[in-house]
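Q: My structure file protein.cif, mmCIF, C-alpha atoms and all ligand atoms; chains and numbers go by the auth columns, is below:
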```
data_start
loop_
_atom_site.group_PDB
_atom_site.id
_atom_site.type_symbol
_atom_site.label_atom_id
_atom_site.label_comp_id
_atom_site.label_asym_id
_atom_site.label_seq_id
_atom_site.Cartn_x
_atom_site.Cartn_y
_atom_site.Cartn_z
_atom_site.B_iso_or_equiv
_atom_site.auth_seq_id
_atom_site.auth_asym_id
ATOM 1 C CA MET A 1 -94.990 17.038 -28.368 0.00 10 A
ATOM 2 C CA ASP A 2 -98.613 18.189 -28.096 0.00 11 A
ATOM 3 C CA ARG A 3 -99.801 20.355 -25.233 0.00 12 A
ATOM 4 C CA THR A 4 -101.518 17.549 -23.297 0.00 13 A
ATOM 5 C CA THR A 5 -98.480 15.284 -23.400 0.00 14 A
ATOM 6 C CA ARG A 6 -96.164 18.144 -22.563 0.00 15 A
ATOM 7 C CA GLY A 7 -98.393 19.254 -19.666 0.00 16 A
ATOM 8 C CA GLY A 8 -98.313 15.737 -18.165 0.00 17 A
ATOM 9 C CA HIS A 9 -94.547 15.563 -18.579 0.00 18 A
ATOM 10 C CA ASP A 10 -94.090 18.978 -16.925 0.00 19 A
ATOM 11 C CA ALA A 11 -96.368 18.010 -14.030 0.00 20 A
ATOM 12 C CA ALA A 12 -94.304 14.845 -13.406 0.00 21 A
ATOM 13 C CA LEU A 13 -91.076 16.830 -13.520 0.00 22 A
ATOM 14 C CA ASN A 14 -92.446 19.430 -11.092 0.00 23 A
ATOM 15 C CA ALA A 15 -93.709 16.666 -8.780 0.00 24 A
ATOM 16 C CA ARG A 16 -90.237 15.119 -8.575 0.00 25 A
ATOM 17 C CA THR A 17 -88.649 18.465 -7.766 0.00 26 A
ATOM 18 C CA TRP A 18 -91.220 19.535 -5.172 0.00 27 A
ATOM 19 C CA ASP A 19 -91.039 16.114 -3.512 0.00 28 A
ATOM 20 C CA ALA A 20 -87.416 17.020 -2.788 0.00 29 A
ATOM 21 C CA ILE A 21 -88.192 20.443 -1.277 0.00 30 A
ATOM 22 C CA VAL A 22 -90.083 19.655 1.885 0.00 31 A
ATOM 23 C CA SER A 23 -89.678 21.098 5.330 0.00 32 A
ATOM 24 C CA SER A 24 -88.855 18.391 7.851 0.00 33 A
ATOM 25 C CA ARG A 25 -91.119 20.108 10.386 0.00 34 A
ATOM 26 C CA PRO A 26 -94.831 19.258 10.192 0.00 35 A
ATOM 27 C CA PRO A 27 -96.836 22.077 8.581 0.00 36 A
ATOM 28 C CA THR A 28 -98.921 24.340 10.793 0.00 37 A
ATOM 29 C CA PRO A 29 -102.002 26.308 9.702 0.00 38 A
ATOM 30 C CA ARG A 30 -101.007 29.716 8.441 0.00 39 A
ATOM 31 C CA ARG A 31 -102.802 32.963 7.598 0.00 40 A
ATOM 32 C CA LEU A 32 -103.001 33.339 3.838 0.00 41 A
ATOM 33 C CA ASP A 33 -100.206 35.511 2.456 0.00 42 A
ATOM 34 C CA TRP A 34 -99.251 35.946 -1.157 0.00 43 A
ATOM 35 C CA LEU A 35 -95.649 37.104 -1.419 0.00 44 A
ATOM 36 C CA PHE A 36 -92.460 35.354 -2.498 0.00 45 A
ATOM 37 C CA ARG A 37 -90.492 36.403 0.581 0.00 46 A
ATOM 38 C CA PRO A 38 -91.983 37.564 3.920 0.00 47 A
ATOM 39 C CA ALA A 39 -92.981 41.241 3.768 0.00 48 A
ATOM 40 C CA PRO A 40 -96.058 43.264 4.634 0.00 49 A
ATOM 41 C CA GLY A 41 -98.654 42.657 1.957 0.00 50 A
ATOM 42 C CA PRO A 42 -102.210 41.634 1.208 0.00 51 A
ATOM 43 C CA GLY A 43 -103.819 38.744 3.064 0.00 52 A
ATOM 44 C CA PRO A 44 -106.962 36.607 2.957 0.00 53 A
ATOM 45 C CA GLU A 45 -109.200 39.645 2.317 0.00 54 A
ATOM 46 C CA LEU A 46 -108.376 39.244 -1.391 0.00 55 A
ATOM 47 C CA LEU A 47 -110.618 36.169 -1.420 0.00 56 A
ATOM 48 C CA GLY A 48 -113.667 38.218 -0.368 0.00 57 A
ATOM 49 C CA ASP A 49 -116.221 36.712 2.017 0.00 58 A
ATOM 50 C CA VAL A 50 -115.286 33.057 2.427 0.00 59 A
ATOM 51 C CA ARG A 51 -118.116 32.113 4.790 0.00 60 A
ATOM 52 C CA GLY A 52 -120.090 29.234 3.300 0.00 61 A
ATOM 53 C CA ALA A 53 -117.847 29.225 0.213 0.00 62 A
ATOM 54 C CA MET A 54 -116.646 26.265 -1.844 0.00 63 A
ATOM 55 C CA VAL A 55 -112.908 26.865 -2.169 0.00 64 A
ATOM 56 C CA ALA A 56 -110.042 25.164 -4.005 0.00 65 A
ATOM 57 C CA GLU A 57 -106.312 25.743 -3.632 0.00 66 A
ATOM 58 C CA LEU A 58 -104.267 24.826 -6.710 0.00 67 A
ATOM 59 C CA GLY A 59 -100.789 23.689 -5.741 0.00 68 A
ATOM 60 C CA CYS A 60 -101.474 23.662 -1.998 0.00 69 A
ATOM 61 C CA GLY A 61 -98.113 22.124 -1.032 0.00 70 A
ATOM 62 C CA GLN A 62 -98.216 20.953 2.581 0.00 71 A
ATOM 63 C CA GLY A 63 -101.636 22.518 3.048 0.00 72 A
ATOM 64 C CA ARG A 64 -100.789 25.241 5.569 0.00 73 A
ATOM 65 C CA HIS A 65 -102.875 27.988 3.908 0.00 74 A
ATOM 66 C CA LEU A 66 -105.976 25.896 3.279 0.00 75 A
ATOM 67 C CA ALA A 67 -105.826 24.466 6.805 0.00 76 A
ATOM 68 C CA GLY A 68 -105.724 28.056 8.087 0.00 77 A
ATOM 69 C CA LEU A 69 -108.692 29.032 5.931 0.00 78 A
ATOM 70 C CA ALA A 70 -110.751 26.070 7.158 0.00 79 A
ATOM 71 C CA GLY A 71 -111.297 27.905 10.451 0.00 80 A
ATOM 72 C CA CYS A 72 -112.793 30.938 8.663 0.00 81 A
ATOM 73 C CA GLY A 73 -116.181 29.355 7.899 0.00 82 A
ATOM 74 C CA ILE A 74 -115.700 27.882 4.413 0.00 83 A
ATOM 75 C CA ALA A 75 -118.256 25.230 3.418 0.00 84 A
ATOM 76 C CA ARG A 76 -115.693 22.911 1.831 0.00 85 A
ATOM 77 C CA GLY A 77 -112.093 23.180 0.737 0.00 86 A
ATOM 78 C CA PHE A 78 -110.149 21.138 -1.813 0.00 87 A
ATOM 79 C CA GLY A 79 -106.355 21.190 -1.736 0.00 88 A
ATOM 80 C CA ILE A 80 -104.748 19.895 -4.938 0.00 89 A
ATOM 81 C CA ASP A 81 -101.038 19.219 -5.357 0.00 90 A
ATOM 82 C CA VAL A 82 -98.974 17.129 -7.751 0.00 91 A
ATOM 83 C CA SER A 83 -96.242 16.249 -5.217 0.00 92 A
ATOM 84 C CA PRO A 84 -97.024 12.990 -3.374 0.00 93 A
ATOM 85 C CA VAL A 85 -94.699 13.933 -0.510 0.00 94 A
ATOM 86 C CA ARG A 86 -96.184 17.396 0.027 0.00 95 A
ATOM 87 C CA LEU A 87 -99.811 16.347 -0.427 0.00 96 A
ATOM 88 C CA GLY A 88 -99.201 13.335 1.798 0.00 97 A
ATOM 89 C CA ASP A 89 -97.927 15.652 4.536 0.00 98 A
ATOM 90 C CA ALA A 90 -101.049 17.821 4.208 0.00 99 A
ATOM 91 C CA ALA A 91 -103.423 14.856 4.298 0.00 100 A
ATOM 92 C CA PHE A 92 -101.654 13.302 7.289 0.00 101 A
ATOM 93 C CA THR A 93 -101.221 16.499 9.327 0.00 102 A
ATOM 94 C CA PHE A 94 -104.665 17.923 8.665 0.00 103 A
ATOM 95 C CA ALA A 95 -106.638 14.664 8.573 0.00 104 A
ATOM 96 C CA ASP A 96 -108.949 15.985 11.291 0.00 105 A
ATOM 97 C CA VAL A 97 -109.907 19.156 9.443 0.00 106 A
ATOM 98 C CA ASP A 98 -113.331 17.926 8.427 0.00 107 A
ATOM 99 C CA GLN A 99 -114.272 20.457 5.783 0.00 108 A
ATOM 100 C CA VAL A 100 -111.113 19.956 3.696 0.00 109 A
ATOM 101 C CA GLU A 101 -110.229 17.232 1.174 0.00 110 A
ATOM 102 C CA TRP A 102 -106.722 16.671 -0.171 0.00 111 A
ATOM 103 C CA TRP A 103 -106.402 15.579 -3.793 0.00 112 A
ATOM 104 C CA LEU A 104 -103.139 14.310 -5.296 0.00 113 A
ATOM 105 C CA GLY A 105 -102.687 15.157 -8.960 0.00 114 A
ATOM 106 C CA ASP A 106 -101.910 17.623 -11.701 0.00 115 A
ATOM 107 C CA ALA A 107 -104.234 20.601 -11.211 0.00 116 A
ATOM 108 C CA VAL A 108 -105.270 20.544 -14.881 0.00 117 A
ATOM 109 C CA THR A 109 -106.597 16.992 -14.596 0.00 118 A
ATOM 110 C CA ALA A 110 -107.804 17.052 -10.988 0.00 119 A
ATOM 111 C CA ALA A 111 -109.599 20.418 -11.122 0.00 120 A
ATOM 112 C CA ALA A 112 -111.929 19.091 -13.827 0.00 121 A
ATOM 113 C CA HIS A 113 -113.485 16.838 -11.133 0.00 122 A
ATOM 114 C CA LEU A 114 -114.119 19.618 -8.594 0.00 123 A
ATOM 115 C CA PRO A 115 -117.682 20.642 -7.736 0.00 124 A
ATOM 116 C CA ASP A 116 -118.815 24.192 -8.572 0.00 125 A
ATOM 117 C CA LEU A 117 -116.557 26.672 -6.813 0.00 126 A
ATOM 118 C CA ASP A 118 -116.990 30.155 -5.377 0.00 127 A
ATOM 119 C CA ILE A 119 -113.245 30.709 -5.077 0.00 128 A
ATOM 120 C CA ALA A 120 -110.056 29.194 -6.468 0.00 129 A
ATOM 121 C CA TYR A 121 -106.654 30.461 -5.369 0.00 130 A
ATOM 122 C CA SER A 122 -102.988 29.631 -5.764 0.00 131 A
ATOM 123 C CA VAL A 123 -99.926 30.908 -3.897 0.00 132 A
ATOM 124 C CA PHE A 124 -96.949 30.427 -6.246 0.00 133 A
ATOM 125 C CA GLY A 125 -98.718 27.158 -7.031 0.00 134 A
ATOM 126 C CA ALA A 126 -100.281 25.467 -10.032 0.00 135 A
ATOM 127 C CA MET A 127 -101.423 28.736 -11.636 0.00 136 A
ATOM 128 C CA TRP A 128 -97.729 29.380 -12.188 0.00 137 A
ATOM 129 C CA PHE A 129 -96.408 25.839 -12.771 0.00 138 A
ATOM 130 C CA ALA A 130 -99.171 24.401 -14.977 0.00 139 A
ATOM 131 C CA ASP A 131 -99.798 25.823 -18.437 0.00 140 A
ATOM 132 C CA PRO A 132 -102.489 28.506 -18.001 0.00 141 A
ATOM 133 C CA GLN A 133 -103.697 27.730 -21.518 0.00 142 A
ATOM 134 C CA ASP A 134 -104.667 24.283 -20.157 0.00 143 A
ATOM 135 C CA LEU A 135 -105.722 25.231 -16.623 0.00 144 A
ATOM 136 C CA LEU A 136 -107.808 28.351 -17.276 0.00 145 A
ATOM 137 C CA PRO A 137 -110.388 26.597 -19.514 0.00 146 A
ATOM 138 C CA VAL A 138 -110.886 23.983 -16.753 0.00 147 A
ATOM 139 C CA LEU A 139 -111.294 26.697 -14.118 0.00 148 A
ATOM 140 C CA ALA A 140 -113.743 28.574 -16.325 0.00 149 A
ATOM 141 C CA HIS A 141 -115.981 25.507 -16.079 0.00 150 A
ATOM 142 C CA ARG A 142 -115.564 25.003 -12.356 0.00 151 A
ATOM 143 C CA ILE A 143 -115.709 28.580 -10.944 0.00 152 A
ATOM 144 C CA ARG A 144 -119.260 29.961 -10.911 0.00 153 A
ATOM 145 C CA LEU A 145 -120.095 33.201 -12.717 0.00 154 A
ATOM 146 C CA GLY A 146 -118.905 36.009 -10.444 0.00 155 A
ATOM 147 C CA GLY A 147 -116.651 33.639 -8.480 0.00 156 A
ATOM 148 C CA ARG A 148 -113.069 34.631 -7.769 0.00 157 A
ATOM 149 C CA LEU A 149 -109.693 33.466 -9.009 0.00 158 A
ATOM 150 C CA VAL A 150 -106.793 34.865 -6.965 0.00 159 A
ATOM 151 C CA PHE A 151 -103.156 33.889 -7.416 0.00 160 A
ATOM 152 C CA SER A 152 -99.584 35.010 -6.979 0.00 161 A
ATOM 153 C CA CYS A 153 -96.613 34.288 -9.215 0.00 162 A
ATOM 154 C CA LEU A 154 -93.414 35.824 -10.468 0.00 163 A
ATOM 155 C CA THR A 155 -93.822 37.711 -13.716 0.00 164 A
ATOM 156 C CA ARG A 156 -91.334 37.562 -16.550 0.00 165 A
ATOM 157 C CA SER A 157 -88.308 39.870 -16.563 0.00 166 A
ATOM 158 C CA PRO A 158 -88.182 42.603 -19.194 0.00 167 A
ATOM 159 C CA GLY A 159 -86.981 41.151 -22.484 0.00 168 A
ATOM 160 C CA MET A 160 -87.771 37.532 -21.547 0.00 169 A
ATOM 161 C CA PRO A 161 -90.178 35.873 -24.004 0.00 170 A
ATOM 162 C CA GLU A 162 -93.586 34.967 -22.555 0.00 171 A
ATOM 163 C CA GLY A 163 -94.629 31.379 -21.910 0.00 172 A
ATOM 164 C CA ARG A 164 -93.140 28.093 -20.728 0.00 173 A
ATOM 165 C CA ARG A 165 -89.737 28.238 -19.023 0.00 174 A
ATOM 166 C CA ARG A 166 -87.496 25.541 -17.578 0.00 175 A
ATOM 167 C CA MET A 167 -85.705 26.746 -14.455 0.00 176 A
ATOM 168 C CA LEU A 168 -83.358 25.083 -11.985 0.00 177 A
ATOM 169 C CA VAL A 169 -84.177 25.277 -8.290 0.00 178 A
ATOM 170 C CA ARG A 170 -81.854 24.344 -5.489 0.00 179 A
ATOM 171 C CA THR A 171 -83.085 21.243 -3.663 0.00 180 A
ATOM 172 C CA GLY A 172 -80.053 20.681 -1.438 0.00 181 A
ATOM 173 C CA PRO A 173 -76.569 21.995 -0.635 0.00 182 A
ATOM 174 C CA ALA A 174 -75.061 20.683 -3.887 0.00 183 A
ATOM 175 C CA ARG A 175 -78.147 19.669 -5.820 0.00 184 A
ATOM 176 C CA SER A 176 -80.556 21.405 -8.177 0.00 185 A
ATOM 177 C CA LEU A 177 -83.545 20.043 -10.075 0.00 186 A
ATOM 178 C CA TRP A 178 -85.596 21.367 -12.962 0.00 187 A
ATOM 179 C CA THR A 179 -89.019 22.929 -12.711 0.00 188 A
ATOM 180 C CA VAL A 180 -91.250 24.227 -15.462 0.00 189 A
ATOM 181 C CA ARG A 181 -93.075 27.518 -14.887 0.00 190 A
ATOM 182 C CA HIS A 182 -95.091 29.829 -17.072 0.00 191 A
ATOM 183 C CA MET A 183 -93.773 33.355 -17.171 0.00 192 A
ATOM 184 C CA TYR A 184 -95.918 36.246 -18.403 0.00 193 A
ATOM 185 C CA SER A 185 -95.898 40.000 -18.006 0.00 194 A
ATOM 186 C CA VAL A 186 -98.723 41.569 -16.006 0.00 195 A
ATOM 187 C CA SER A 187 -100.474 42.542 -19.231 0.00 196 A
ATOM 188 C CA GLY A 188 -99.873 39.028 -20.579 0.00 197 A
ATOM 189 C CA TRP A 189 -101.704 37.539 -17.584 0.00 198 A
ATOM 190 C CA VAL A 190 -104.553 40.027 -17.892 0.00 199 A
ATOM 191 C CA ARG A 191 -104.908 39.086 -21.573 0.00 200 A
ATOM 192 C CA LEU A 192 -104.835 35.337 -20.846 0.00 201 A
ATOM 193 C CA LEU A 193 -107.430 35.697 -18.090 0.00 202 A
ATOM 194 C CA ALA A 194 -109.696 37.705 -20.402 0.00 203 A
ATOM 195 C CA GLU A 195 -109.363 35.105 -23.181 0.00 204 A
ATOM 196 C CA HIS A 196 -110.767 32.522 -20.764 0.00 205 A
ATOM 197 C CA GLY A 197 -113.661 34.573 -19.363 0.00 206 A
ATOM 198 C CA PHE A 198 -112.014 36.201 -16.333 0.00 207 A
ATOM 199 C CA THR A 199 -111.885 39.944 -15.641 0.00 208 A
ATOM 200 C CA THR A 200 -108.894 41.184 -13.651 0.00 209 A
ATOM 201 C CA ASP A 201 -109.995 43.410 -10.770 0.00 210 A
ATOM 202 C CA ARG A 202 -106.553 44.054 -9.310 0.00 211 A
ATOM 203 C CA ALA A 203 -102.929 43.274 -10.159 0.00 212 A
ATOM 204 C CA ILE A 204 -100.980 44.059 -7.018 0.00 213 A
ATOM 205 C CA ARG A 205 -97.251 44.773 -7.200 0.00 214 A
ATOM 206 C CA PRO A 206 -95.541 44.678 -3.790 0.00 215 A
ATOM 207 C CA THR A 207 -93.354 47.680 -3.011 0.00 216 A
ATOM 208 C CA ASP A 208 -90.783 45.964 -0.773 0.00 217 A
ATOM 209 C CA PRO A 209 -87.417 45.603 -2.565 0.00 218 A
ATOM 210 C CA VAL A 210 -87.153 41.799 -2.550 0.00 219 A
ATOM 211 C CA ASN A 211 -90.613 41.004 -3.909 0.00 220 A
ATOM 212 C CA ALA A 212 -90.407 43.907 -6.350 0.00 221 A
ATOM 213 C CA PHE A 213 -87.007 42.693 -7.597 0.00 222 A
ATOM 214 C CA TRP A 214 -88.385 39.222 -8.289 0.00 223 A
ATOM 215 C CA GLY A 215 -91.405 40.618 -10.152 0.00 224 A
ATOM 216 C CA THR A 216 -93.982 39.229 -7.737 0.00 225 A
ATOM 217 C CA CYS A 217 -97.563 39.987 -8.670 0.00 226 A
ATOM 218 C CA VAL A 218 -100.888 39.040 -7.076 0.00 227 A
ATOM 219 C CA PHE A 219 -103.858 38.865 -9.457 0.00 228 A
ATOM 220 C CA VAL A 220 -107.449 39.166 -8.284 0.00 229 A
ATOM 221 C CA ALA A 221 -109.943 38.207 -10.991 0.00 230 A
ATOM 222 C CA HIS A 222 -113.562 37.126 -11.262 0.00 231 A
ATOM 223 C CA ARG A 223 -115.357 34.989 -13.832 0.00 232 A
ATOM 224 C CA SER A 224 -117.312 37.408 -15.959 0.00 233 A
ATOM 225 C CA ARG A 225 -118.616 35.166 -18.759 0.00 234 A
HETATM 226 C C1 LIG B . -93.733 27.097 -4.489 0.00 301 A
HETATM 227 S S1 LIG B . -94.677 25.688 -3.957 0.00 301 A
HETATM 228 C C2 LIG B . -96.040 26.538 -3.138 0.00 301 A
HETATM 229 C C3 LIG B . -96.816 25.659 -2.205 0.00 301 A
HETATM 230 C C4 LIG B . -97.924 26.349 -1.402 0.00 301 A
HETATM 231 N N1 LIG B . -98.818 27.087 -2.260 0.00 301 A
HETATM 232 C C5 LIG B . -97.327 27.244 -0.345 0.00 301 A
HETATM 233 O O1 LIG B . -97.417 28.472 -0.454 0.00 301 A
HETATM 234 O O2 LIG B . -96.779 26.704 0.614 0.00 301 A
HETATM 235 C C6 LIG B . -95.422 25.164 -5.502 0.00 301 A
HETATM 236 C C7 LIG B . -96.369 23.998 -5.349 0.00 301 A
HETATM 237 O O3 LIG B . -97.077 23.784 -6.578 0.00 301 A
HETATM 238 C C8 LIG B . -97.183 22.385 -6.792 0.00 301 A
HETATM 239 N N2 LIG B . -97.412 22.131 -8.231 0.00 301 A
HETATM 240 C C9 LIG B . -96.538 22.346 -9.251 0.00 301 A
HETATM 241 N N3 LIG B . -97.098 21.983 -10.420 0.00 301 A
HETATM 242 C C10 LIG B . -98.355 21.547 -10.142 0.00 301 A
HETATM 243 C C11 LIG B . -99.433 21.040 -10.933 0.00 301 A
HETATM 244 N N4 LIG B . -99.331 20.924 -12.269 0.00 301 A
HETATM 245 N N5 LIG B . -100.573 20.674 -10.309 0.00 301 A
HETATM 246 C C12 LIG B . -100.690 20.767 -8.950 0.00 301 A
HETATM 247 N N6 LIG B . -99.692 21.230 -8.152 0.00 301 A
HETATM 248 C C13 LIG B . -98.552 21.633 -8.733 0.00 301 A
HETATM 249 C C14 LIG B . -95.864 21.845 -6.259 0.00 301 A
HETATM 250 O O4 LIG B . -95.886 20.463 -6.000 0.00 301 A
HETATM 251 C C15 LIG B . -95.650 22.695 -5.015 0.00 301 A
HETATM 252 O O5 LIG B . -96.212 22.116 -3.864 0.00 301 A
#
```
Starting from the file, give its structure as structure tokens.
A:
Amino acid sequence: MDRTTRGGHDAALNARTWDAIVSSRPPTPRRLDWLFRPAPGPGPELLGDVRGAMVAELGCGQGRHLAGLAGCGIARGFGIDVSPVRLGDAAFTFADVDQVEWWLGDAVTAAAHLPDLDIAYSVFGAMWFADPQDLLPVLAHRIRLGGRLVFSCLTRSPGMPEGRRRMLVRTGPARSLWTVRHMYSVSGWVRLLAEHGFTTDRAIRPTDPVNAFWGTCVFVAHRSR
């Protein structure tokens, strides 16, 4: 199976799983946080000055972070998610947030249609679930020189090979569904980013035991070529 076909298949599989993991409560705008489980950690300051910025969130889920950012003076925001249920919730709940658009689709395909961006970010979103070998070249065309790419993900455990991984996630009391994620070490991510024209400014490892145990990392990069 070639990469394009496999990427489309993985996106459909992830969409089905994330459609099944939805809070029944309507989403509310939320301050940007980056960790896997609640703990003190970095916040929206990692995006830099967002006033007047063109911003995209890749794998925005029910839109709570982007809706929160809309009140911070961004010029326009684009929330992309592959799950019809989650994106539908975002579009319905935040329909009155004028400066934000909600786009349903695989980030690799949808991001190619974005206007020029100052900032793209992802909170355990498409930067982790889509193949970075497919998504980073698209982002390198859409993020302006000097613009930021900030994302959080879990990194691979010691000894685990780098790359695509199928993993089960619990979607109900007695039900699990497959997801596909892309697991790299911190140095693996830094190398991938560099291969696609991004310089890593910070790779932040949380110190709290839960996030540290899961290998959470937040990457702050900028497009340097
Ligand atoms: C762990 S959830 C995080 C959602 C959101 N960032 C948040 O913090 O609430 C992962 C999200 O990534 C989305 N996703 C997975 N693969 C994707 C892809 N290829 N393109 C766009 N979104 C994707 C899922 O549908 C899901 O909403």
Q: Show me, as a list in words, the residues that have an atom within 12 Å of His191 of chain A when counting all atoms listed in the file, minus same-chain residues fewer than 5 positions from it.
A: Gly16, Asp19, Phe133, Gly134, Ala135, Met136, Trp137, Phe138, Ala139, Asp140, Pro141, Gln142, Asp143, Leu144, Cys162, Leu163, Thr164, Arg165, Met169, Pro170, Glu171, Gly172, Arg173, Arg174, Arg175, Met176, Gly197, Trp198 and Leu201 of chain A
Q: Can you pull out every residue within 7 Å of Asp90 of chain A, counting all atoms listed in the file, but drop anything in the same chain fewer than 3 positions away, and send it as a list of chain:residue names?
A: A:Leu67, A:Gly68, A:Cys69, A:Gly70, A:Leu96, A:Trp112, A:Leu113, A:Gly114, A:Asp115, A:Ala116
Q: For ligand LIG 301 (chain A), what centre and edge lengths in Å (one decimal) does the axis-aligned box get once 4 Å is added on each side of all its listed atoms, as AutoDock Vina command-line options?
A:
```
--center_x -97.2 --center_y 24.5 --center_z -5.8 --size_x 15.0 --size_y 16.0 --size_z 20.9
```
Q: Given the choices A:Gly155, A:Gly61, A:Pro36, A:Pro49, which gets closest to ligand LIG 301 (chain A) if the distance is worked out from all atoms listed in the file?
A: A:Pro36
Q: What is the atom CA of Val106 of chain A to atom C10 of ligand LIG 301 (chain A) distance in Å?
A: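 Pair atom CA of Val106 of chain A / atom C10 of ligand LIG 301 (chain A) returns 22.9 Å.
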Q: Expand the PyMOL selection byres (((chain A and resi 186) around 6) and not hetatm) into the explicit residue set it covers here, and present it as a short mmCIF file (atom, residue, chain, number, x, y, z; two decimals) with C-alpha atoms, in the frame of the given file.
A:
```cif
data_model
loop_
_atom_site.label_atom_id
_atom_site.label_comp_id
_atom_site.auth_asym_id
_atom_site.auth_seq_id
_atom_site.Cartn_x
_atom_site.Cartn_y
_atom_site.Cartn_z
CA THR A 26 -88.65 18.46 -7.77
CA LEU A 177 -83.36 25.08 -11.98
CA VAL A 178 -84.18 25.28 -8.29
CA SER A 185 -80.56 21.40 -8.18
CA TRP A 187 -85.60 21.37 -12.96
#
```
Q: If you apply the PyMOL selection byres (((chain A and resi 202) around 12) and not hetatm) to this file, what residues do you get, as a ChimeraX atom specification?
A: /A:136,141-146,148-149,157-160,193,195-201,203-210,212,228-234
